[in-house]
Amino acid sequence: MKVVALVSGGKDSCYAMMKSIQYGHQIVALANLMPVDDSVDELDSYMFQTVGHQIIINYAECMGLPLFRRRIQGSSRHLELGYKTTQGDEVEDMYILLREVKRQIPSVTAVCSGAIASDYQRLRVESVCSRLGLVSLAYLWKQDQSLLLHEMISNGIVAITVKVAAMGLDPAKHLGKELAMLNAYLHKLKEAYGINVCGEGGEYETLTLDCPLFINARIVLDKYQVVMHSSDSIAPVGVLHPLAFHLENKADIQSLKTVDKIHEGRMQKRGPVFEVHDSLERLEATCKPLDSADQIDGVEHKFKISRTNNKSTFSIGCWLQDSCNGLREDLTIVLRKIESQLEGFGFGWENVLYIHLYIDDMNKFSEANETYVKFITHEKCPFGVPSRSTVEMPLVEMDFSRAYMEVLVSNNKDKKVLHVQSISCWAPSCIGPYSQATLHEGILLMAGQLGLDPPTMNLCSGGPGVEHEQALKNSEAIAKSFNCSISTSAIAFVIYCSKNISSLDRLDIEKKQETILRQMKISDLQEGKKYKALEPITLYVLVSDLPKRAFVEVKPILYVEDGADAAIETITEKPCSKASCYWGFKQENWHDSCIQKCVIPGKICAIILSITSELAAKICSDSLPADYVNDNSQHSLSKGHMEQLSKFCIYLLDKAITDNNFAWEDILSLRFYIPVSLQMSVELIQSMFSNALFELSEMNQRKVKNCEEPIFNIVPVIGAGWSASSMDDVVTCELLARKS
């Protein structure tokens, strides 16, 4: 991509340019914000460094690139972490500046910045990029600061300190010193006082005088003045005010492997400098209701709606019974219906925590996204857009519409959302209106993770096993943002496997899942971290296709306890209670082989129930042939057999729930994965499980609250099971419950 670089003059913005070039991008312009008054060194700004701004104009000549500058007052009027367009805020000056760059250089498609740890800065850059249709590149984001500082110095960035404001840093001693000289001392201060060695806490600021991108000249500071802002005896604050400097031409220009990507005109002695003056028109991209052109038709459509009964957090599922024979049309109608359902509860999209989007054709993924963003926007979700997983399922084969959605809804907006849109080395970006993860009342719901290489956003080459390993690494990076780990805090993993994976590769995926999680645990122990690890349950689902034609998508669910010292207990076995006898089923030892569960007493219960063909034969032994096997081809399983299996599933789920002191009203989500090879319609399957639940409620009035809608979702799959090598269950159930 062609990139405009936001430059403050500091080491971070310069190294961000170098990393952007390393990952194949081309820097074509520079952009800088400076004080209105040239004599002022520093503005009161949460966003922009301005100390040393008098020298930045020379970057145009040093790099041979056009430089766009705008003068600002430096006021931050919107101080909340998230940003919305605010008249008079300094972020709007950045918007005007970058808008002008884009106007003059239409080929610019991305912005690079030096954000390392500040969500405040990153979110504002991402907000402006989103409004201008640009991609944010933040290759320093979440990187280890000690390693970053070492890399900057060893890769030729020559930067001096121009502001100090921390214990142990004396303006008289340390201003104007090169980072290479201060490196060891900064690490001593880190050990003594816990400072950020890259200055992310405002401990110091720098000015780059030379780096490999300065191909024409380097800057030499001849004379400067130390200006004291505070003479505090513990942490004095001072800035360096440049008085005299000159450029030293590089007679013998050293070529980098990456330098040829800077700019075609890089050998010119000076890039043009533009000062941007124009004012901000109100160009806010507001979310407008769908107009008449978006109305698919005036028909009163028939829907299938499901809803769980949890009082505080519940799931709503929706699909269209009378499909319009087009994914865009079906999804528009389904989204509109869910929006209507939310409004009926007095809610909106901001109450949605997570979305499962099932589509019938991954070739229309872009079409689905275009439709999705008409409904789910940042404006409608000021607390953060929901996380999402999108997979292709064999919907039409089981008489579903071409789009099918399940949303997890909360009656409160007390959630923590992680939505990083910048491309970085940290984890894959979410450029669209969906987040990497959402934390709500102890449960961390993570978007489906592909095996994407974060800085390039390309799938890792090497096959399914390599993709799976990278997907787990991406999941771990996201988990660490919430101070947890997938190796110790995971409740459950749902791993979607493409049908294009060979049986050998499926086995490799299963082995890698165990090996990588074990290695992560060992690594944490070696680092001295002590966790009371959960034992997660795992479900493998065989699907038609995944985004980007990926082989694997990993969807973790984690438990994040409030308070570092809180005890976590996992129940793997529990003494059997006096089980009720329903439909003639009685407790038998082999029943335990059907259930995986992870229980946090009094808080969370996760269950995966698996009915293999062998178990189906045992359950229906009175009528099912003993040699019955599920080979994903034609099946002879009758309606009567399936009714028997549905009752057994409800019986076993009821026992597992009640044995662990949970109730059906605690369920957040309940899915039954049904292979299309059974050749049964969704209507038939749904009626069987609904009848079984109704009969259970009749036998025990306190068990299940009867509603018009079923409390579960039927999900059509190619296959599912506990093992990647044998995803051939007749029925698989996934349940998540939480005490209200």
# chains A, B, ... in the order shown; residues from 1 in each chain; ligands from 1

call {"tool": "residues_around", "arguments": {"residues": "region 400-405 of chain A", "least_positions_apart": "2", "cutoff": "6 Å", "atoms": "only C-alpha atoms", "output": "number ranges by chain"}}
result
A: 317-320, 323, 327, 330-331, 356-360, 395-396, 398

call {"tool": "write_last_selection", "arguments": {"atoms": "N, CA and C atoms", "output": "JSON list (two decimals), in the first residue's frame"}}
result
[["chain", "number", "residue", "atom", "x", "y", "z"],
["A", 317, "GLY", "N", -31.66, -16.31, 18.02],
["A", 317, "GLY", "CA", -31.32, -16.86, 16.72],
["A", 317, "GLY", "C", -32.42, -16.53, 15.73],
["A", 318, "CYS", "N", -32.05, -16.34, 14.47],
["A", 318, "CYS", "CA", -33.06, -15.97, 13.47],
["A", 318, "CYS", "C", -32.65, -16.46, 12.09],
["A", 319, "TRP", "N", -33.59, -17.09, 11.41],
["A", 319, "TRP", "CA", -33.42, -17.40, 9.99],
["A", 319, "TRP", "C", -34.78, -17.29, 9.31],
["A", 320, "LEU", "N", -34.71, -17.16, 8.02],
["A", 320, "LEU", "CA", -35.89, -16.86, 7.21],
["A", 320, "LEU", "C", -36.47, -18.15, 6.64],
["A", 323, "SER", "N", -37.04, -18.07, 2.01],
["A", 323, "SER", "CA", -35.82, -17.45, 1.49],
["A", 323, "SER", "C", -36.08, -16.68, 0.21],
["A", 327, "LEU", "N", -28.25, -14.17, -0.87],
["A", 327, "LEU", "CA", -27.67, -13.97, 0.45],
["A", 327, "LEU", "C", -27.90, -12.54, 0.94],
["A", 330, "ASP", "N", -31.57, -12.15, 1.96],
["A", 330, "ASP", "CA", -31.88, -12.90, 3.18],
["A", 330, "ASP", "C", -31.26, -12.26, 4.40],
["A", 331, "LEU", "N", -29.99, -11.86, 4.29],
["A", 331, "LEU", "CA", -29.30, -11.28, 5.44],
["A", 331, "LEU", "C", -29.91, -9.94, 5.83],
["A", 356, "HIS", "N", -22.79, -14.79, 15.83],
["A", 356, "HIS", "CA", -22.44, -15.90, 14.95],
["A", 356, "HIS", "C", -23.18, -15.68, 13.63],
["A", 357, "LEU", "N", -22.42, -15.53, 12.58],
["A", 357, "LEU", "CA", -23.01, -15.32, 11.25],
["A", 357, "LEU", "C", -22.71, -16.54, 10.40],
["A", 358, "TYR", "N", -23.76, -17.26, 10.02],
["A", 358, "TYR", "CA", -23.63, -18.42, 9.15],
["A", 358, "TYR", "C", -24.15, -18.03, 7.77],
["A", 359, "ILE", "N", -23.36, -18.28, 6.75],
["A", 359, "ILE", "CA", -23.78, -17.98, 5.37],
["A", 359, "ILE", "C", -23.63, -19.23, 4.52],
["A", 360, "ASP", "N", -24.29, -19.23, 3.38],
["A", 360, "ASP", "CA", -24.30, -20.44, 2.56],
["A", 360, "ASP", "C", -23.22, -20.44, 1.49],
["A", 395, "LEU", "N", -26.39, -24.56, 4.69],
["A", 395, "LEU", "CA", -27.71, -24.10, 5.15],
["A", 395, "LEU", "C", -28.85, -24.59, 4.27],
["A", 396, "VAL", "N", -28.69, -24.38, 2.98],
["A", 396, "VAL", "CA", -29.78, -24.69, 2.06],
["A", 396, "VAL", "C", -30.13, -26.18, 2.08],
["A", 398, "MET", "N", -30.37, -28.09, 4.48],
["A", 398, "MET", "CA", -31.30, -28.44, 5.57],
["A", 398, "MET", "C", -32.48, -27.46, 5.64]]

call {"tool": "closest_residue", "arguments": {"among": "A:Val158, A:Cys62, A:Val226, A:Ala368", "to": "Pro171 (chain A)", "atoms": "only C-alpha atoms"}}
result
A:Val226

call {"tool": "closest_atom_pairs", "arguments": {"of": "region 139-236 of chain A", "to": "region 3-20 of chain A", "cutoff": "10 Å", "atoms": "only C-alpha atoms", "output": "tab-separated table"}}
result
residue	atom	partner	partner_atom	distance
A:Tyr139	CA	A:Ala16	CA	6.1
A:Leu140	CA	A:Ala16	CA	6.5
A:Trp141	CA	A:Ala16	CA	9.6
A:Leu148	CA	A:Asp12	CA	9.1
A:Leu149	CA	A:Lys11	CA	9.1
A:Glu151	CA	A:Tyr15	CA	9.0
A:Met152	CA	A:Tyr15	CA	6.5
A:Ile153	CA	A:Lys11	CA	9.4
A:Asn155	CA	A:Tyr15	CA	8.8
A:Gly156	CA	A:Tyr15	CA	9.6
A:Ile157	CA	A:Lys11	CA	7.0
A:Val158	CA	A:Lys11	CA	8.1
A:Ala159	CA	A:Lys11	CA	6.2
A:Ile160	CA	A:Lys11	CA	8.8
A:Thr161	CA	A:Gly10	CA	9.0
A:Val162	CA	A:Gly10	CA	9.2
A:Leu179	CA	A:Lys11	CA	9.3
A:Cys198	CA	A:Asp12	CA	8.5
A:Gly199	CA	A:Asp12	CA	9.9
A:Glu205	CA	A:Gly10	CA	6.8
A:Thr206	CA	A:Gly10	CA	4.8
A:Leu207	CA	A:Gly10	CA	4.6
A:Thr208	CA	A:Gly10	CA	5.6
A:Leu209	CA	A:Gly9	CA	8.4
A:Asp210	CA	A:Cys14	CA	9.6
A:Cys211	CA	A:Cys14	CA	7.8
A:Pro212	CA	A:Met18	CA	8.2
A:Leu213	CA	A:Met18	CA	7.4
A:Phe214	CA	A:Cys14	CA	9.9
